[in-house]
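Working notes for the structure below.
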Amino acid sequence: MEILRNINLASLLDTTISLTAAFILGGAIGLERQYRQRTAGLRTNVLVALGAAVFVDMANRIGGHEGAVRVVAYVVSGVGFLGAGVIMREEGNVRGINTAATLWGSAAVGAVAGADLILEAIVATIFVLAANTLLRPVVNTINRKPLDVPSVEVTNTLHLIVDSAHQKHVLAQVNQMLEQSRYPTHDLEVRPFTEDEVEIEATLAATSVDGDELDALIARFQALPAVKQAFWSPSTTD
């Protein structure tokens, strides 16, 4: 019988070691994610690492190293689809990219363990954990940086609420004042706001601005008779 012929205790021991390593290392990655209450936590990362290890180990046994290499390629693409499922877009902000990348890292660790490269899998786990822990203070420090400093590239948008009857006159003045201030517009949109008002939305071409200069511009816009409201907002989203 084929089942009996496929029984190989040495190979079974090898598989057990590979899957145990994938379970423990995937659990280490998932434990950090679970502690931070992320979407993909302990069980998800363990299952991703285990699944990758099973596929690579099976291919290694059946098709040799060449078969394992082909399966690794499928694991990479398959986990990519899984990661896309945890990425969400909420009110213009993208969330879950780090979680998706961590799942990718867990799959890589599992694939390495399935290929019987246990020490390499341990090293890979250390680097994935370091990316999610040691780099966190660095990211937090950068994120606290003001958005109006020259080194930060953002999309800056001016918003003006204007009387509909005077929108052409105000548009001409806005363009003129922005050109004089060396803040040309990248895009200019006019949309209805109320029955007798429109919103003028001017996106600046400059990716770095002086906040004080824009505040002074807004004050000048607000002084125009037809302008009811004026403000500007930076955004790091495309």
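By order of appearance in the structure tokens: chains A, B, ..., then residues from 1 within every chain, and ligands from 1 in the order shown.
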Skipping near chain neighbours, those fewer than 2 positions away, what residues fall within 8 Å of segment 223-231 of chain A using only C-alpha atoms, listed as a PyMOL selection string?
chain A and resi 158-163+166+170+218-221+233
Could you write out that same residue set with C-alpha atoms as a CSV table (one decimal), in the first residue's frame?
```
chain,number,residue,atom,x,y,z
A,158,LEU,CA,-6.9,75.5,1.3
A,159,HIS,CA,-10.7,75.6,1.9
A,160,LEU,CA,-12.8,78.7,1.4
A,161,ILE,CA,-16.6,79.0,1.8
A,162,VAL,CA,-17.7,81.7,-0.6
A,163,ASP,CA,-21.0,83.4,-1.8
A,166,HIS,CA,-18.9,86.1,-6.2
A,170,VAL,CA,-12.8,85.2,-5.4
A,218,ILE,CA,-5.8,82.6,5.4
A,219,ALA,CA,-6.3,85.8,7.3
A,220,ARG,CA,-6.1,87.7,4.1
A,221,PHE,CA,-8.7,85.4,2.5
A,233,SER,CA,-5.3,71.5,6.3
```
Choose the residue, out of A:Ser164, A:Leu82, A:Leu214, A:Asn45, that has the smallest atom-to-atom separation from Ser181 of chain A; count only C-alpha atoms.
A:Leu214
Which residue of A:Ile7, A:Leu103, A:Asn175, A:Ala68 approaches Phe81 of chain A most closely, using only C-alpha atoms:
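Using only C-alpha atoms, Phe81 of chain A sits closest to A:Leu103.
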Report the distance between atom CA of Leu135 of chain A and atom CA of Tyr35 of chain A in Å, rounded to one decimal place.
16.4 Å
Can you list, as a PyMOL selection string, every protein, DNA or RNA residue that comes within 12 Å of His65 of chain A when you count only C-alpha atoms, leaving out same-chain residues fewer than 5 positions away?
chain A and resi 56-60+70-72+114-116
Write down as a PyMOL selection string the residues belonging to segment 17-231 of chain A that are assigned strand (DSSP E) by DSSP computed on the backbone.
chain A and resi 88-90+93-95+155-163+185-194+197-204+227-231
Select from segment 48-212 of chain A everything DSSP, run on the backbone, classes as helix (DSSP H, G or I), then give the selection as a VMD selection string.
chain A and resid 48 to 84 97 to 114 118 to 133 136 to 143 164 to 180 211 to 212
Residues of the last selection are to be written out with C-alpha atoms, as a CSV table (one decimal), in the first residue's frame.
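Okay, result-v4.csv is ready:
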```csv
chain,number,residue,atom,x,y,z
A,48,VAL,CA,0.4,31.4,8.8
A,49,ALA,CA,3.8,30.2,9.9
A,50,LEU,CA,2.6,26.6,10.3
A,51,GLY,CA,0.8,26.6,6.9
A,52,ALA,CA,3.9,27.8,5.1
A,53,ALA,CA,6.1,25.3,6.9
A,54,VAL,CA,3.7,22.4,6.0
A,55,PHE,CA,3.6,23.3,2.3
A,56,VAL,CA,7.4,23.8,2.0
A,57,ASP,CA,8.2,20.6,4.0
A,58,MET,CA,5.8,18.5,1.9
A,59,ALA,CA,7.2,19.9,-1.4
A,60,ASN,CA,10.7,19.3,-0.1
A,61,ARG,CA,9.9,15.7,0.6
A,62,ILE,CA,8.0,15.0,-2.6
A,63,GLY,CA,9.8,17.1,-5.2
A,64,GLY,CA,13.1,17.8,-3.6
A,65,HIS,CA,14.7,21.3,-3.4
A,66,GLU,CA,13.3,22.3,-6.8
A,67,GLY,CA,9.8,21.5,-5.7
A,68,ALA,CA,10.2,23.4,-2.5
A,69,VAL,CA,11.4,26.5,-4.3
A,70,ARG,CA,8.3,26.5,-6.5
A,71,VAL,CA,6.0,26.1,-3.5
A,72,VAL,CA,7.8,29.0,-1.7
A,73,ALA,CA,6.8,31.2,-4.7
A,74,TYR,CA,3.2,30.2,-4.3
A,75,VAL,CA,3.3,30.8,-0.5
A,76,VAL,CA,4.6,34.4,-1.1
A,77,SER,CA,1.8,35.2,-3.5
A,78,GLY,CA,-0.9,33.4,-1.3
A,79,VAL,CA,0.1,35.3,1.8
A,80,GLY,CA,0.0,38.5,-0.2
A,81,PHE,CA,-3.8,38.0,-0.8
A,82,LEU,CA,-4.3,37.1,2.9
A,83,GLY,CA,-2.5,40.3,3.9
A,84,ALA,CA,-4.6,42.4,1.5
A,97,ILE,CA,-0.4,47.6,6.4
A,98,ASN,CA,2.0,46.7,9.3
A,99,THR,CA,-0.3,43.8,10.2
A,100,ALA,CA,-0.2,42.5,6.6
A,101,ALA,CA,3.6,42.9,6.5
A,102,THR,CA,3.9,41.0,9.8
A,103,LEU,CA,1.8,38.1,8.3
A,104,TRP,CA,4.2,38.1,5.4
A,105,GLY,CA,7.1,37.9,7.8
A,106,SER,CA,5.5,35.0,9.7
A,107,ALA,CA,5.0,33.1,6.4
A,108,ALA,CA,8.7,33.7,5.6
A,109,VAL,CA,9.7,32.3,9.0
A,110,GLY,CA,7.4,29.3,8.5
A,111,ALA,CA,8.8,28.7,5.0
A,112,VAL,CA,12.4,28.8,6.2
A,113,ALA,CA,11.5,26.4,9.0
A,114,GLY,CA,9.8,24.1,6.6
A,118,ILE,CA,15.9,26.3,11.7
A,119,LEU,CA,18.7,28.7,12.7
A,120,GLU,CA,17.9,30.9,9.8
A,121,ALA,CA,14.2,30.9,10.9
A,122,ILE,CA,15.2,32.0,14.4
A,123,VAL,CA,17.3,34.9,13.0
A,124,ALA,CA,14.4,35.9,10.7
A,125,THR,CA,12.0,35.9,13.7
A,126,ILE,CA,14.4,38.1,15.7
A,127,PHE,CA,14.4,40.7,12.9
A,128,VAL,CA,10.6,40.6,12.5
A,129,LEU,CA,10.2,41.2,16.2
A,130,ALA,CA,12.8,43.9,16.2
A,131,ALA,CA,11.0,45.7,13.3
A,132,ASN,CA,7.7,45.7,15.4
A,133,THR,CA,9.3,46.6,18.7
A,136,ARG,CA,8.4,51.7,17.3
A,137,PRO,CA,10.0,54.5,19.4
A,138,VAL,CA,11.7,55.8,16.2
A,139,VAL,CA,8.4,55.9,14.3
A,140,ASN,CA,6.7,57.6,17.2
A,141,THR,CA,9.4,60.3,17.4
A,142,ILE,CA,9.1,61.0,13.6
A,143,ASN,CA,5.3,61.0,13.7
A,164,SER,CA,-21.9,81.7,-5.1
A,165,ALA,CA,-22.5,85.0,-6.8
A,166,HIS,CA,-18.9,86.1,-6.2
A,167,GLN,CA,-17.0,82.8,-6.8
A,168,LYS,CA,-15.3,83.8,-10.0
A,169,HIS,CA,-14.0,87.0,-8.5
A,170,VAL,CA,-12.8,85.2,-5.4
A,171,LEU,CA,-11.1,82.5,-7.5
A,172,ALA,CA,-9.2,85.1,-9.4
A,173,GLN,CA,-8.1,86.7,-6.2
A,174,VAL,CA,-7.1,83.4,-4.6
A,175,ASN,CA,-5.0,82.5,-7.6
A,176,GLN,CA,-3.3,85.9,-7.6
A,177,MET,CA,-2.5,85.9,-3.9
A,178,LEU,CA,-1.1,82.3,-4.0
A,179,GLU,CA,1.1,83.1,-7.0
A,180,GLN,CA,2.4,86.2,-5.3
A,211,GLY,CA,2.7,77.3,8.6
A,212,ASP,CA,2.9,81.0,9.6
```
Measure the distance from atom CA of Asp187 of chain A to atom CA of Trp232 of chain A in Å and round it to one decimal.
14.3 Å
Between A:Thr39, A:Ala202, A:Glu213, A:Ser11, which is the closest to Thr185 of chain A once you count only C-alpha atoms?
A:Ala202
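Atom CA of Asn156 of chain A to atom CA of Pro234 of chain A spans 4.4 Å [interatomic distance, one decimal].
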